[in-house]
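Structure below is entry_29.txt: compact mmCIF, C-alpha atoms.
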# COMPACT_ATOMS: atom_id res chain seq x y z
CA MET A 27 -80.00 -32.68 62.06
CA SER A 28 -80.31 -31.15 58.59
CA ILE A 29 -78.46 -28.07 57.36
CA ASN A 30 -80.01 -26.00 54.60
CA ALA A 31 -78.02 -25.39 51.43
CA GLU A 32 -78.29 -22.14 49.48
CA LEU A 33 -77.63 -22.00 45.75
CA ARG A 34 -74.84 -19.48 45.11
CA GLY A 35 -74.55 -19.87 41.34
CA SER A 36 -75.10 -22.17 38.36
CA VAL A 37 -73.71 -22.54 34.88
CA GLY A 38 -74.34 -24.91 32.00
CA LEU A 39 -71.07 -26.73 31.46
CA PRO A 40 -70.85 -29.83 29.25
CA GLY A 41 -68.12 -32.07 30.63
CA GLY A 42 -68.20 -30.28 33.96
CA GLY A 43 -68.69 -33.54 35.84
CA ALA A 44 -64.89 -33.93 35.80
CA LEU A 45 -64.74 -31.07 38.31
CA VAL A 46 -66.51 -33.13 40.97
CA ASP A 47 -65.63 -36.67 39.84
CA GLY A 48 -62.13 -36.43 38.49
CA PHE A 49 -59.06 -34.21 38.52
CA ALA A 50 -60.21 -31.21 36.47
CA PHE A 51 -60.15 -28.90 39.51
CA GLU A 52 -56.87 -27.16 40.30
CA SER A 53 -56.44 -24.64 43.11
CA ARG A 54 -53.44 -22.70 44.32
CA CYS A 55 -52.80 -21.09 47.67
CA GLY A 56 -53.61 -17.41 47.35
CA GLY A 57 -54.28 -17.84 43.62
CA ALA A 58 -56.92 -18.77 41.13
CA ARG A 59 -59.11 -21.83 41.26
CA ARG A 60 -59.37 -23.32 37.83
CA ALA A 61 -61.29 -25.85 35.82
CA LEU A 62 -59.09 -27.86 33.43
CA LEU A 63 -61.58 -29.44 31.04
CA ARG A 64 -60.80 -31.62 28.06
CA ASN A 65 -62.84 -30.64 25.00
CA GLY A 66 -62.05 -32.66 21.90
CA LEU A 67 -58.38 -32.16 21.07
CA GLU A 68 -57.90 -29.30 23.51
CA LEU A 69 -57.59 -28.60 27.22
CA GLU A 70 -59.73 -25.60 28.13
CA VAL A 71 -58.72 -23.68 31.24
CA TYR A 72 -61.36 -21.60 33.06
CA ASP A 73 -61.12 -19.32 36.05
CA LEU A 74 -63.76 -20.99 38.20
CA ASP A 75 -65.07 -17.80 39.82
CA GLU A 76 -65.35 -16.06 36.46
CA LEU A 77 -67.04 -19.10 34.96
CA LEU A 78 -69.66 -19.23 37.70
CA GLY A 79 -70.05 -15.47 37.32
CA GLY A 80 -71.13 -15.88 33.70
CA GLU A 81 -67.85 -15.72 31.73
CA ARG A 82 -68.16 -18.58 29.24
CA ALA A 83 -64.88 -18.13 27.36
CA PRO A 84 -61.89 -20.09 28.65
CA ALA A 85 -58.97 -18.09 30.01
CA ALA A 86 -56.56 -20.28 28.02
CA VAL A 87 -56.68 -23.20 25.60
CA PHE A 88 -53.90 -25.75 25.11
CA ALA A 89 -53.71 -28.31 22.33
CA LEU A 90 -53.45 -31.83 23.72
CA PRO A 91 -50.02 -33.20 22.78
CA TRP A 92 -51.28 -36.78 22.41
CA PRO A 93 -54.95 -36.61 21.29
CA GLY A 94 -55.49 -40.36 21.69
CA TRP A 95 -54.23 -40.38 25.28
CA ASP A 96 -57.07 -39.64 27.70
CA GLN A 97 -55.37 -40.58 30.98
CA GLY A 98 -52.92 -38.77 33.23
CA VAL A 99 -53.44 -35.79 35.54
CA HIS A 100 -52.21 -32.51 34.07
CA SER A 101 -51.39 -29.08 35.50
CA VAL A 102 -51.26 -25.41 34.50
CA SER A 103 -48.69 -22.92 35.72
CA PRO A 104 -49.83 -20.32 38.28
CA ASP A 105 -49.64 -17.53 35.69
CA GLY A 106 -51.46 -19.61 33.07
CA ALA A 107 -48.59 -19.28 30.59
CA PHE A 108 -48.00 -23.00 30.09
CA ALA A 109 -49.51 -26.40 30.78
CA VAL A 110 -47.68 -29.59 31.71
CA PHE A 111 -49.15 -32.86 30.45
CA SER A 112 -48.60 -36.31 31.96
CA GLY A 113 -48.41 -38.66 29.00
CA GLN A 114 -47.98 -42.39 28.57
CA ARG A 115 -44.27 -42.06 27.74
CA ALA A 116 -43.38 -38.45 28.51
CA VAL A 117 -44.11 -35.31 30.49
CA ARG A 118 -44.44 -32.34 28.14
CA ALA A 119 -44.71 -28.59 28.75
CA VAL A 120 -46.72 -26.64 26.18
CA GLY A 121 -46.97 -22.86 25.87
CA VAL A 122 -50.25 -21.01 25.54
CA GLY A 123 -49.44 -20.45 21.86
CA GLY A 124 -49.07 -24.18 21.26
CA GLU A 125 -45.28 -24.36 21.19
CA VAL A 126 -43.53 -27.27 22.90
CA LEU A 127 -41.35 -25.80 25.65
CA TRP A 128 -39.69 -29.04 26.73
CA GLU A 129 -40.27 -32.77 27.05
CA TYR A 130 -39.10 -35.22 29.71
CA ARG A 131 -39.09 -38.76 28.31
CA HIS A 132 -39.77 -41.77 30.53
CA GLY A 133 -40.79 -45.42 30.22
CA CYS A 134 -44.21 -46.57 29.08
CA TRP A 135 -47.09 -46.89 31.54
CA GLY A 136 -48.54 -49.73 29.44
CA PRO A 137 -48.88 -52.86 31.61
CA GLU A 138 -47.39 -55.34 29.12
CA LEU A 139 -43.72 -55.72 30.02
CA GLY A 140 -41.24 -55.13 27.20
CA HIS A 141 -43.87 -54.37 24.56
CA PRO A 142 -42.56 -52.70 21.38
CA HIS A 143 -43.30 -49.21 20.11
CA SER A 144 -43.62 -48.12 16.51
CA GLY A 145 -41.73 -44.88 16.98
CA ASP A 146 -44.85 -42.81 16.39
CA GLU A 147 -45.17 -40.44 19.34
CA GLN A 148 -48.95 -40.52 18.96
CA GLU A 149 -49.08 -44.29 19.51
CA VAL A 150 -51.17 -45.19 22.56
CA CYS A 151 -50.44 -48.56 24.12
CA ARG A 152 -52.93 -50.83 25.84
CA GLY A 153 -53.86 -50.02 29.43
CA SER A 154 -55.21 -47.15 31.48
CA GLU A 155 -52.35 -46.98 33.99
CA HIS A 156 -51.03 -43.44 34.32
CA GLY A 157 -48.97 -40.98 36.30
CA SER A 158 -49.57 -37.34 37.14
CA CYS A 159 -47.79 -34.02 37.35
CA ARG A 160 -48.15 -30.73 39.20
CA VAL A 161 -46.54 -27.32 38.75
CA SER A 162 -45.40 -25.94 42.10
CA ASP A 163 -47.27 -22.93 43.47
CA ASP A 164 -44.27 -20.67 42.79
CA GLY A 165 -44.13 -21.88 39.18
CA LEU A 166 -40.47 -22.92 39.43
CA PHE A 167 -40.74 -26.73 39.51
CA VAL A 168 -42.77 -29.58 38.13
CA TRP A 169 -43.38 -32.63 40.26
CA ALA A 170 -44.13 -35.77 38.24
CA HIS A 171 -44.87 -39.43 38.87
CA VAL A 172 -43.12 -41.41 36.12
CA VAL A 173 -41.74 -44.84 35.28
CA HIS A 174 -38.24 -45.81 34.09
CA GLU A 175 -37.36 -49.41 33.19
CA GLU A 176 -40.28 -50.85 35.18
CA GLN A 177 -39.37 -48.80 38.30
CA GLU A 178 -41.64 -45.95 39.34
CA TYR A 179 -40.18 -42.64 40.50
CA TRP A 180 -41.29 -39.30 41.85
CA VAL A 181 -39.19 -36.65 40.11
CA VAL A 182 -38.70 -32.91 40.48
CA LEU A 183 -38.13 -31.08 37.18
CA ASP A 184 -37.04 -27.54 36.40
CA ALA A 185 -40.18 -25.85 35.08
CA GLN A 186 -38.14 -23.74 32.65
CA ASP A 187 -36.40 -26.50 30.72
CA GLY A 188 -37.57 -29.87 32.10
CA ARG A 189 -34.20 -30.88 33.58
CA GLU A 190 -34.46 -33.54 36.28
CA LEU A 191 -33.34 -32.07 39.58
CA ALA A 192 -34.12 -34.96 41.93
CA ARG A 193 -35.83 -38.33 42.01
CA LEU A 194 -37.27 -40.70 44.59
CA ALA A 195 -37.71 -44.42 43.87
CA LEU A 196 -41.21 -45.63 44.76
CA ASP A 197 -42.43 -49.02 45.89
CA SER A 198 -45.57 -48.88 43.77
CA ALA A 199 -47.35 -50.54 40.86
CA THR A 200 -49.73 -47.79 39.94
CA ALA A 201 -53.15 -47.78 38.42
CA GLY A 202 -53.16 -43.98 38.67
CA SER A 203 -51.96 -41.10 40.83
CA HIS A 204 -52.59 -37.47 41.71
CA HIS A 205 -50.69 -34.65 43.39
CA VAL A 206 -51.83 -32.26 46.12
CA SER A 207 -49.74 -29.16 46.83
CA HIS A 208 -49.82 -28.06 50.44
CA PRO A 209 -50.93 -24.44 51.01
CA ASP A 210 -47.69 -23.75 52.88
CA GLY A 211 -46.09 -23.50 49.44
CA ILE A 212 -43.33 -25.91 50.44
CA HIS A 213 -44.67 -29.46 50.62
CA MET A 214 -46.11 -31.64 47.87
CA GLY A 215 -48.26 -34.73 48.37
CA LEU A 216 -48.56 -37.73 46.08
CA SER A 217 -51.34 -40.30 46.30
CA ILE A 218 -50.89 -43.50 44.26
CA GLY A 219 -53.77 -45.87 43.67
CA MET A 220 -52.88 -49.50 43.02
CA GLY A 221 -56.38 -50.92 42.58
CA GLN A 222 -57.25 -53.65 45.05
CA ASP A 223 -53.60 -53.69 46.21
CA GLY A 224 -54.11 -50.47 48.14
CA ILE A 225 -53.01 -46.84 48.23
CA LEU A 226 -49.59 -45.30 48.77
CA LEU A 227 -49.20 -41.81 50.22
CA TYR A 228 -46.05 -39.66 50.17
CA TRP A 229 -45.11 -36.12 51.16
CA ALA A 230 -41.92 -34.33 50.13
CA ARG A 231 -40.23 -30.95 49.88
CA TRP A 232 -37.47 -29.66 47.62
CA ASP A 233 -35.23 -26.87 48.89
CA GLY A 234 -33.29 -26.44 45.67
CA GLU A 235 -30.56 -28.84 46.70
CA ARG A 236 -32.11 -31.69 48.63
CA LEU A 237 -35.29 -33.73 48.27
CA THR A 238 -36.71 -34.68 51.68
CA SER A 239 -39.57 -37.18 51.69
CA TRP A 240 -41.59 -39.40 53.98
CA ASP A 241 -44.32 -41.93 53.45
CA LEU A 242 -47.36 -43.00 55.46
CA ASN A 243 -47.76 -46.47 54.05
CA GLU A 244 -47.92 -48.81 57.01
CA THR A 245 -51.53 -49.56 56.07
CA MET A 246 -51.11 -48.81 52.33
CA ASP A 247 -54.76 -47.92 52.29
CA ARG A 248 -55.40 -44.16 52.64
CA ILE A 249 -56.31 -41.72 49.89
CA LEU A 250 -54.99 -38.17 50.16
CA VAL A 251 -58.14 -36.09 49.63
CA ASP A 252 -57.66 -32.45 50.63
CA VAL A 253 -55.70 -29.66 52.34
CA HIS A 254 -56.63 -26.17 53.56
CA PRO A 255 -54.65 -23.05 54.57
CA GLY A 256 -56.34 -23.16 57.97
CA HIS A 257 -54.81 -26.56 58.76
CA ALA A 258 -51.17 -27.56 58.95
CA GLY A 259 -51.98 -31.13 57.91
CA TYR A 260 -54.36 -32.89 55.55
CA LEU A 261 -57.36 -35.19 55.18
CA THR A 262 -57.28 -38.84 54.14
CA LEU A 263 -59.96 -41.40 53.42
CA GLU A 264 -59.62 -45.15 53.98
CA HIS A 265 -59.40 -46.94 50.63
CA TYR A 266 -62.96 -48.27 50.78
CA GLY A 267 -64.46 -45.31 52.66
CA ALA A 268 -64.62 -46.84 56.13
CA ASP A 269 -63.33 -43.70 57.89
CA LEU A 270 -62.10 -40.17 57.33
CA ARG A 271 -59.05 -38.86 59.20
CA LEU A 272 -57.46 -35.49 59.88
CA HIS A 273 -53.66 -35.69 60.10
CA ALA A 274 -50.81 -33.50 61.15
CA LEU A 275 -48.25 -33.10 58.38
CA ASP A 276 -46.06 -35.82 59.90
CA GLY A 277 -48.96 -38.28 59.67
CA ASP A 278 -50.19 -38.25 63.27
CA VAL A 279 -53.96 -38.73 63.43
CA LEU A 280 -55.70 -35.73 65.00
CA ALA A 281 -59.33 -36.79 64.48
CA GLU A 282 -61.34 -39.59 62.87
CA ALA A 283 -64.93 -40.01 61.71
CA GLU A 284 -67.08 -42.92 60.58
CA PRO A 285 -70.52 -42.59 58.99
CA GLU A 286 -73.47 -42.82 61.37
CA ALA A 287 -74.61 -46.36 62.18
CA ASP A 288 -78.12 -47.59 61.45
CA GLU A 289 -80.41 -49.16 64.05
CA PHE A 290 -78.53 -52.45 63.76
CA GLY A 291 -75.11 -50.86 64.29
CA ASP A 292 -74.05 -51.23 60.64
CA ARG A 293 -72.43 -48.35 58.82
CA PRO A 294 -72.30 -47.24 55.18
CA CYS A 295 -69.09 -45.90 53.59
CA TRP A 296 -67.95 -42.36 52.95
CA ASP A 297 -67.30 -41.44 49.32
CA TYR A 298 -63.91 -40.18 48.15
CA THR A 299 -65.02 -36.76 46.82
CA CYS A 300 -64.77 -34.97 50.14
CA GLY A 301 -62.78 -32.19 51.71
CA PHE A 302 -62.72 -28.76 53.32
CA VAL A 303 -65.68 -26.46 52.73
CA ASP A 304 -63.72 -23.93 54.79
CA ALA A 305 -61.30 -23.98 57.73
CA GLY A 306 -64.05 -25.11 60.11
CA THR A 307 -66.13 -27.44 57.97
CA VAL A 308 -65.65 -30.66 56.00
CA ILE A 309 -68.18 -32.10 53.55
CA VAL A 310 -68.29 -35.81 52.72
CA PRO A 311 -70.86 -37.81 50.73
CA VAL A 312 -72.48 -41.10 51.59
CA PRO A 313 -73.37 -42.82 48.30
CA GLU A 314 -76.77 -44.32 47.64
CA ASP A 315 -76.92 -47.88 48.91
CA GLU A 316 -80.03 -50.04 49.21
CA GLU A 317 -78.70 -51.36 52.53
CA PHE A 318 -78.65 -47.81 53.96
CA PRO A 319 -81.50 -45.97 52.25
CA ASP A 320 -81.68 -43.22 54.87
CA GLN A 321 -77.97 -42.33 54.91
CA ALA A 322 -77.31 -41.20 51.33
CA GLY A 323 -76.45 -37.54 50.83
CA HIS A 324 -73.86 -34.97 51.78
CA TRP A 325 -72.81 -34.64 55.41
CA LEU A 326 -71.08 -31.69 57.10
CA LEU A 327 -68.46 -32.35 59.77
CA ASP A 328 -66.50 -30.15 62.13
CA ALA A 329 -63.09 -29.72 60.48
CA HIS A 330 -61.16 -29.92 63.77
CA THR A 331 -62.87 -32.82 65.54
CA LEU A 332 -64.60 -34.45 62.52
CA GLY A 333 -67.76 -34.58 64.62
CA ILE A 334 -70.86 -34.89 62.44
CA ARG A 335 -72.93 -31.70 62.32
CA GLY A 336 -75.71 -32.90 60.04
CA ARG A 337 -76.83 -33.77 56.54
CA VAL A 338 -77.25 -31.13 53.83
CA ASP A 339 -80.85 -30.36 52.84
CA TYR A 340 -81.04 -28.99 49.28
CA PRO A 341 -83.94 -26.71 48.30
CA ASP A 342 -85.30 -28.94 45.52
CA GLY A 343 -84.88 -32.20 47.39
CA ALA A 344 -82.06 -34.66 47.80
CA VAL A 345 -78.83 -34.12 45.87
CA ALA A 346 -76.67 -37.21 46.05
CA GLY A 347 -73.48 -38.16 44.27
CA TYR A 348 -70.15 -36.43 44.02
CA VAL A 349 -69.20 -33.08 45.53
CA ARG A 350 -66.24 -30.71 45.18
CA PRO A 351 -65.54 -28.46 48.21
CA LEU A 352 -63.83 -25.19 47.32
CA GLY A 353 -62.39 -24.21 50.70
CA ASP A 354 -64.04 -20.78 50.75
CA GLY A 355 -67.34 -21.79 52.35
CA THR A 356 -68.88 -23.24 49.19
CA TRP A 357 -68.96 -26.50 47.27
CA LEU A 358 -69.87 -27.76 43.80
CA THR A 359 -72.26 -30.43 42.54
CA TYR A 360 -72.98 -31.42 38.94
CA ASP A 361 -76.29 -32.40 37.41
CA GLY A 362 -75.44 -34.73 34.55
CA ARG A 363 -78.97 -34.68 33.15
CA THR A 364 -78.95 -30.93 32.54
CA GLU A 365 -75.14 -30.57 32.34
CA THR A 366 -75.29 -27.90 35.03
CA LEU A 367 -72.59 -27.04 37.53
CA ASN A 368 -74.06 -25.74 40.80
CA ARG A 369 -72.30 -23.86 43.59
CA TRP A 370 -73.70 -24.14 47.13
CA GLY A 371 -73.14 -22.70 50.57
CA ALA A 372 -74.61 -23.46 53.97
CA GLY A 373 -77.66 -21.44 54.97
CA THR A 374 -77.87 -19.04 57.87
CA GLY A 375 -77.06 -20.70 61.15
CA MET A 376 -73.81 -22.46 60.32
CA GLY A 377 -70.65 -20.42 60.70
CA ALA A 378 -67.47 -20.83 58.72
CA GLY A 379 -65.45 -21.81 61.77
Show how you would write the structure in this file as structure tokens.
Amino acid sequence: MSINAELRGSVGLPGGGALVDGFAFESRCGGARRALLRNGLELEVYDLDELLGGERAPAAVFALPWPGWDQGVHSVSPDGAFAVFSGQRAVRAVGVGGEVLWEYRHGCWGPELGHPHSGDEQEVCRGSEHGSCRVSDDGLFVWAHVVHEEQEYWVVLDAQDGRELARLALDSATAGSHHVSHPDGIHMGLSIGMGQDGILLYWARWDGERLTSWDLNETMDRILVDVHPGHAGYLTLEHYGADLRLHALDGDVLAEAEPEADEFGDRPCWDYTCGFVDAGTVIVPVPEDEEFPDQAGHWLLDAHTLGIRGRVDYPDGAVAGYVRPLGDGTWLTYDGRTETLNRWGAGTGMGAG
């Protein structure tokens, strides 16, 4: 079955591919959805709805604290007053006027043990390993994945002054990580990629006095991909895309989906840029693969059972590649040839659920 897609908006946006294949998209429960796009020596912050509505000027611009450092996953406060950057040797909060608000120093993510530093804060060491950070939805705390003396930690910082409030030692050797804040406003998720060694997944909450955490790492192989206010839990994808699962917050599996098999019973893999179109619908890509020429594209699934509804049929033919669901009934794709960001919704006949 095919499901028609309707174009809901387009905008020329150089560098916009990071919104669908990367961590430039930041959403907050009940708040703005933003694009955090690196442009030269600056991080440009756009209100996504305003951008797709024709507003080309960024809502805020922050100078990058370490221009040579192009890794890490950064975050902007809910009110847009400051950004927090995940650096190679520090987490730094920067005000909208460019002033440094605070800095939390940590060890170096560079993979060479015990390597020296020159003392120049702009020095970038070898390696692409990185952590991530996320401002809480109430703007009071910063969650950050950092390293101290070759041990990785998940820390909670005071968003006002950068003081460490709590830390959790992690059993990880990261290649990179990202945070996902749960729409309940209480829980924070952390997904840590370790290359071919697997994925680690943690959830935690901070009540102002105690850090409570739990992990779901018996398989060490599931990527935390998305959450939605209409679901108490979250979605994960098997490391290599073999299956997609819907979980309760405690990790229990509520539903599971594999891509459709071909005539020989073989299956392609799901791609990792997937998630909730809305409370009733999930979108997940199947990448182009010469072994499965008829499976590539974007597939819509029931968000409660993960039953496959059908493949998306775009008006100008097949659109493959990465996708960014927005949770409001629409999703984004990016045409790298024309540098165009497109927003889509399902045509008449498919409800929001």
Straight-line distance linking atom CA of A:Arg369 with atom CA of A:Ala305, stated in Å to one decimal: 17.9 Å
Starting from the point (-57.8, -28.8, 37.8), work out which residues of protein, DNA or RNA have an atom no more than 10 Å away when counting only C-alpha atoms; state them as a list in words. Ala44, Leu45, Gly48, Phe49, Ala50, Phe51, Glu52, Ser53, Arg54, Arg59, Arg60, Ala61, Leu62, Leu63, Val71, Tyr72, Leu74, Val99, His100, Ser101, Val102 and Arg160 of chain A
Tell me which of A:Pro294, A:Gly94, A:Gly355, A:Gly211 sits closest to A:Thr307, counting all atoms listed in the file.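 Closest candidate: A:Gly355.
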What are the closest atom pairs, with distances in Å to one decimal, for each residue of stretch 357-376 of chain A lying within 12 Å of stretch 341-352 of chain A, using only C-alpha atoms, rows by chain and rising residue number, as a Markdown table?
| residue | atom | partner | partner_atom | distance |
| --- | --- | --- | --- | --- |
| A:Trp357 | CA | A:Pro351 | CA | 4.1 |
| A:Leu358 | CA | A:Arg350 | CA | 4.9 |
| A:Thr359 | CA | A:Val349 | CA | 5.0 |
| A:Tyr360 | CA | A:Tyr348 | CA | 7.7 |
| A:Asp361 | CA | A:Val345 | CA | 9.0 |
| A:Gly362 | CA | A:Gly347 | CA | 10.5 |
| A:Leu367 | CA | A:Val349 | CA | 10.6 |
| A:Asn368 | CA | A:Val349 | CA | 10.0 |
| A:Arg369 | CA | A:Arg350 | CA | 9.3 |
| A:Trp370 | CA | A:Pro351 | CA | 9.3 |
| A:Gly371 | CA | A:Pro351 | CA | 9.8 |
| A:Ala372 | CA | A:Pro341 | CA | 11.4 |
| A:Gly373 | CA | A:Pro341 | CA | 10.6 |
Which one of A:Val117, A:Arg236, A:Asp47, A:Leu191 sits closest to A:Tyr298 if you count all atoms listed in the file?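 Once distances to A:Tyr298 are computed over all atoms listed in the file, the minimum belongs to A:Asp47.
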As a check of understanding: the span from atom CA of A:Glu175 to atom CA of A:Gln222 is 23.5 Å
Out of A:Leu237, A:Leu166, A:Cys134, A:Val161, which residue has the shortest atom-to-atom distance to A:Ala195 when counting all atoms listed in the file?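 Ranking A:Leu237, A:Leu166, A:Cys134, A:Val161 by distance to A:Ala195, first place goes to A:Leu237.
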Contacts of A:Asp96 at 10 Å or less, counting only C-alpha atoms, minus same-chain residues fewer than 4 places along, as a list of chain:residue names?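 Once the nearby chain positions are removed, what remains is A:Arg64, A:Leu90, A:Trp92, A:Gly113, A:Gln114, A:Val150, A:Ser154, A:His156.
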Could you name the residues that touch A:His174 at 6 Å or less, counting all atoms listed in the file, but leaving out those on the same chain fewer than 2 positions away, as a PyMOL selection string? chain A and resi 132-133+176-177
